[in-house]
Amino acid sequence: MAEPSTPETLLSERVYHQLLDMILRRDLPLGSVLHERRISEMLNVSRTPAREALNRLESEGIVVREAGRALVLRGLSTRELIEALNVRRLLEGEAAFHAAGKIPEADLDAIDEAIHALLAKTAPRPDEDWAIDNLLHGAIAEHSGNALLARMIADLRLKTHMFNVERIPERFRIGHGEHLGIVAALRRGDQAESRHLVETHIENVKKSIIALLAAI
């Protein structure tokens, strides 16, 4: 479950999403050098949240540190995003097939309860949505029995993390409804259905992202 956010972490989260919006709109061209001081001045924040947001973008591979330690905006092309989601669909479907019937009941109960608690909120924060999303997808990867597969899934999930409830809000209730169906299939130990539901879920995410990018 997500830890309670402090004003500092909320500010860092806001700066992160502002930068993502600028990247998606191409207000920041690919290849731009991102300076902590310039970002803080542009967004009227201190350097700490600017630094934390840039570090997060670096961890997700959206900016890269080049010679001289400069952070350069690499971004992710539409093609790369779609390719990442296509590979996620295959890998996470495979993980779900092998994880079905192997995730402890107590873990599935906790995930089920967390999803319902999130759905009961009127204005869930993006970090809360991501935390619950990670509970399920992380459990599936962990219990797939394949450590390399789990690491690959975690890396690809980071690359598509920018598209959360704040960017594709129409996916909030629908997506978590799909999550509940996945939990039920995993609980039954239905390997084929678990694979199918996970693959369908990620395909639906991809369609929403394509629609968003087409509208920008």
# chains A, B, ... in the order shown; residues from 1 in each chain; ligands from 1
call {"tool": "select_by_dssp", "arguments": {"residues": "stretch 7-76 of chain A", "states": "strand (DSSP E)", "output": "ChimeraX atom specification"}}
result
/A:33-34,63-65,71-73
call {"tool": "write_last_selection", "arguments": {"atoms": "N, CA and C atoms", "output": "CSV table (one decimal), in the first residue's frame"}}
result
chain,number,residue,atom,x,y,z
A,33,VAL,N,18.9,19.4,-23.2
A,33,VAL,CA,19.7,19.2,-22.0
A,33,VAL,C,18.9,19.7,-20.9
A,34,LEU,N,18.6,18.9,-19.9
A,34,LEU,CA,17.7,19.3,-18.8
A,34,LEU,C,18.6,19.7,-17.6
A,63,VAL,N,15.2,10.2,-19.6
A,63,VAL,CA,16.4,11.1,-19.8
A,63,VAL,C,17.6,10.2,-19.5
A,64,VAL,N,18.7,10.5,-20.2
A,64,VAL,CA,19.9,9.8,-20.0
A,64,VAL,C,21.0,10.7,-19.6
A,65,ARG,N,22.0,10.2,-18.8
A,65,ARG,CA,23.1,11.0,-18.3
A,65,ARG,C,24.3,10.7,-19.3
A,71,LEU,N,22.1,15.7,-18.2
A,71,LEU,CA,20.9,14.9,-18.4
A,71,LEU,C,20.3,15.4,-19.7
A,72,VAL,N,20.1,14.4,-20.7
A,72,VAL,CA,19.6,14.7,-22.0
A,72,VAL,C,18.3,14.0,-22.2
A,73,LEU,N,17.3,14.7,-22.7
A,73,LEU,CA,16.0,14.1,-22.9
A,73,LEU,C,16.1,13.2,-24.1
call {"tool": "select_by_dssp", "arguments": {"residues": "stretch 19-216 of chain A", "states": "helix (DSSP H, G or I)", "output": "PyMOL selection string"}}
result
chain A and resi 19-24+36-42+47-59+67-69+78-99+105-119+126-142+147-159+171-188+191-215
call {"tool": "closest_residue", "arguments": {"among": "A:Arg51, A:His35, A:Arg125, A:His116", "to": "A:His176", "atoms": "only C-alpha atoms"}}
result
A:His116
call {"tool": "residues_around", "arguments": {"residues": "A:His17", "least_positions_apart": "4", "cutoff": "9 Å", "atoms": "only C-alpha atoms", "output": "list of chain:residue names"}}
result
A:Ser12, A:Glu13, A:Asp21, A:Met22, A:Ala53, A:Met162, A:Glu166
call {"tool": "atom_distance", "arguments": {"atom1": "atom CA of A:Gly181", "atom2": "atom CA of A:Ser144"}}
result
18.2 Å
call {"tool": "residues_around", "arguments": {"residues": "A:Ile115", "least_positions_apart": "5", "cutoff": "12 Å", "atoms": "only C-alpha atoms", "output": "MDAnalysis selection string"}}
result
chainID A and resid 1 108:110 120:121 124 128:136 172:183
call {"tool": "residues_around", "arguments": {"residues": "stretch 80-88 of chain A", "least_positions_apart": "2", "cutoff": "7 Å", "atoms": "only C-alpha atoms", "output": "ChimeraX atom specification"}}
result
/A:76-78,90-92,153,156,160,202,206
call {"tool": "write_last_selection", "arguments": {"atoms": "all heavy atoms", "output": "compact mmCIF listing (two decimals), in the first residue's frame"}}
result
# COMPACT_ATOMS: atom_id res chain seq x y z
N LEU A 76 10.64 8.73 -25.25
CA LEU A 76 10.24 7.45 -25.84
C LEU A 76 9.34 7.78 -27.02
O LEU A 76 8.36 8.51 -26.87
CB LEU A 76 9.48 6.59 -24.83
CG LEU A 76 10.28 5.98 -23.68
CD1 LEU A 76 9.34 5.26 -22.73
CD2 LEU A 76 11.34 5.02 -24.18
N SER A 77 9.71 7.27 -28.17
CA SER A 77 8.87 7.51 -29.34
C SER A 77 7.57 6.72 -29.21
O SER A 77 7.48 5.78 -28.41
CB SER A 77 9.61 7.08 -30.62
OG SER A 77 9.77 5.67 -30.63
N THR A 78 6.59 7.12 -29.99
CA THR A 78 5.33 6.38 -29.99
C THR A 78 5.58 4.92 -30.34
O THR A 78 5.02 4.01 -29.73
CB THR A 78 4.35 7.00 -31.00
OG1 THR A 78 4.09 8.36 -30.63
CG2 THR A 78 3.03 6.23 -31.03
N LEU A 90 3.00 -9.94 -24.01
CA LEU A 90 3.50 -11.30 -24.16
C LEU A 90 4.13 -11.82 -22.85
O LEU A 90 3.82 -12.92 -22.39
CB LEU A 90 4.53 -11.36 -25.28
CG LEU A 90 4.01 -11.08 -26.70
CD1 LEU A 90 5.17 -10.99 -27.68
CD2 LEU A 90 3.03 -12.15 -27.14
N LEU A 91 5.00 -10.99 -22.26
CA LEU A 91 5.72 -11.43 -21.06
C LEU A 91 4.79 -11.57 -19.86
O LEU A 91 4.88 -12.55 -19.10
CB LEU A 91 6.85 -10.46 -20.73
CG LEU A 91 7.98 -10.34 -21.75
CD1 LEU A 91 9.09 -9.43 -21.21
CD2 LEU A 91 8.55 -11.71 -22.11
N GLU A 92 3.91 -10.60 -19.68
CA GLU A 92 3.03 -10.65 -18.51
C GLU A 92 1.94 -11.72 -18.67
O GLU A 92 1.47 -12.29 -17.69
CB GLU A 92 2.44 -9.27 -18.22
CG GLU A 92 3.52 -8.28 -17.79
CD GLU A 92 2.95 -7.02 -17.19
OE1 GLU A 92 2.07 -7.11 -16.31
OE2 GLU A 92 3.40 -5.92 -17.60
N ILE A 153 9.89 -7.63 -16.93
CA ILE A 153 8.57 -7.02 -16.77
C ILE A 153 8.68 -5.72 -15.99
O ILE A 153 8.08 -4.71 -16.36
CB ILE A 153 7.61 -8.01 -16.08
CG1 ILE A 153 7.23 -9.15 -17.04
CG2 ILE A 153 6.35 -7.29 -15.57
CD1 ILE A 153 6.47 -10.29 -16.39
N LEU A 156 10.09 -2.95 -18.22
CA LEU A 156 9.14 -2.47 -19.22
C LEU A 156 8.00 -1.69 -18.59
O LEU A 156 7.48 -0.73 -19.17
CB LEU A 156 8.58 -3.66 -20.02
CG LEU A 156 9.56 -4.28 -21.01
CD1 LEU A 156 9.02 -5.60 -21.53
CD2 LEU A 156 9.82 -3.34 -22.18
N THR A 160 6.49 2.44 -19.33
CA THR A 160 5.13 2.86 -19.65
C THR A 160 4.43 3.48 -18.44
O THR A 160 3.24 3.78 -18.50
CB THR A 160 4.30 1.67 -20.17
OG1 THR A 160 4.35 0.59 -19.22
CG2 THR A 160 4.86 1.17 -21.49
N ILE A 202 -3.61 -5.48 -20.96
CA ILE A 202 -2.51 -4.66 -21.48
C ILE A 202 -2.82 -4.16 -22.88
O ILE A 202 -2.47 -3.03 -23.25
CB ILE A 202 -1.19 -5.45 -21.43
CG1 ILE A 202 -0.83 -5.74 -19.96
CG2 ILE A 202 -0.06 -4.69 -22.12
CD1 ILE A 202 0.37 -6.62 -19.76
N LYS A 206 -2.90 -0.26 -24.11
CA LYS A 206 -2.23 0.20 -25.33
C LYS A 206 -3.19 1.02 -26.20
O LYS A 206 -2.82 2.10 -26.71
CB LYS A 206 -1.70 -0.99 -26.13
CG LYS A 206 -0.90 -0.58 -27.36
CD LYS A 206 -0.40 -1.78 -28.14
CE LYS A 206 -1.50 -2.39 -28.98
NZ LYS A 206 -1.00 -3.47 -29.87
call {"tool": "closest_residue", "arguments": {"among": "A:Ile103, A:Ile168, A:Leu10, A:Leu197", "to": "A:Ile210", "atoms": "only C-alpha atoms"}}
result
A:Ile168
call {"tool": "residues_around", "arguments": {"residues": "A:Arg171", "least_positions_apart": "4", "cutoff": "9 Å", "atoms": "only C-alpha atoms", "output": "PyMOL selection string"}}
result
chain A and resi 164-165+175-176+204-205+208
call {"tool": "write_last_selection", "arguments": {"atoms": "N, CA, C and O atoms", "output": "PDB file, in the first residue's frame"}}
result
ATOM      1  N   ASN A 164      -0.570   6.816 -16.560  1.00  0.00           N
ATOM      2  CA  ASN A 164      -1.303   6.298 -15.411  1.00  0.00           C
ATOM      3  C   ASN A 164      -2.689   6.929 -15.367  1.00  0.00           C
ATOM      4  O   ASN A 164      -3.167   7.482 -16.349  1.00  0.00           O
ATOM      5  N   VAL A 165      -3.313   6.852 -14.191  1.00  0.00           N
ATOM      6  CA  VAL A 165      -4.682   7.342 -14.051  1.00  0.00           C
ATOM      7  C   VAL A 165      -4.806   8.834 -14.371  1.00  0.00           C
ATOM      8  O   VAL A 165      -5.863   9.301 -14.776  1.00  0.00           O
ATOM      9  N   GLY A 175      -9.947  -0.366 -15.795  1.00  0.00           N
ATOM     10  CA  GLY A 175      -8.706  -1.104 -15.593  1.00  0.00           C
ATOM     11  C   GLY A 175      -8.696  -1.903 -14.307  1.00  0.00           C
ATOM     12  O   GLY A 175      -8.270  -3.064 -14.282  1.00  0.00           O
ATOM     13  N   HIS A 176      -9.185  -1.297 -13.228  1.00  0.00           N
ATOM     14  CA  HIS A 176      -9.195  -2.019 -11.956  1.00  0.00           C
ATOM     15  C   HIS A 176     -10.289  -3.085 -11.938  1.00  0.00           C
ATOM     16  O   HIS A 176     -10.162  -4.090 -11.225  1.00  0.00           O
ATOM     17  N   ASN A 204      -5.772  -3.336 -23.923  1.00  0.00           N
ATOM     18  CA  ASN A 204      -6.691  -2.218 -23.711  1.00  0.00           C
ATOM     19  C   ASN A 204      -5.958  -0.960 -23.261  1.00  0.00           C
ATOM     20  O   ASN A 204      -6.308   0.156 -23.656  1.00  0.00           O
ATOM     21  N   VAL A 205      -4.931  -1.141 -22.415  1.00  0.00           N
ATOM     22  CA  VAL A 205      -4.086  -0.007 -22.017  1.00  0.00           C
ATOM     23  C   VAL A 205      -3.430   0.590 -23.255  1.00  0.00           C
ATOM     24  O   VAL A 205      -3.407   1.814 -23.441  1.00  0.00           O
ATOM     25  N   SER A 208      -5.759   2.768 -25.303  1.00  0.00           N
ATOM     26  CA  SER A 208      -6.015   4.063 -24.682  1.00  0.00           C
ATOM     27  C   SER A 208      -4.837   5.003 -24.878  1.00  0.00           C
ATOM     28  O   SER A 208      -5.014   6.206 -25.096  1.00  0.00           O
TER      29      SER A 208
END
call {"tool": "atom_distance", "arguments": {"atom1": "atom CA of A:Val15", "atom2": "atom CA of A:Ala123"}}
result
19.0 Å
call {"tool": "atom_distance", "arguments": {"atom1": "atom CA of A:Pro104", "atom2": "atom CA of A:Glu203"}}
result
26.7 Å
call {"tool": "closest_residue", "arguments": {"among": "A:Gly145, A:Gly138, A:Pro49, A:Pro126", "to": "A:Leu19", "atoms": "only C-alpha atoms"}}
result
A:Pro49
call {"tool": "closest_residue", "arguments": {"among": "A:Gln18, A:Ala185, A:Ala114, A:Thr122", "to": "A:Met42", "atoms": "only C-alpha atoms"}}
result
A:Gln18
call {"tool": "closest_residue", "arguments": {"among": "A:Arg14, A:Arg157, A:Arg151, A:Arg25", "to": "A:Leu212", "atoms": "only C-alpha atoms"}}
result
A:Arg25
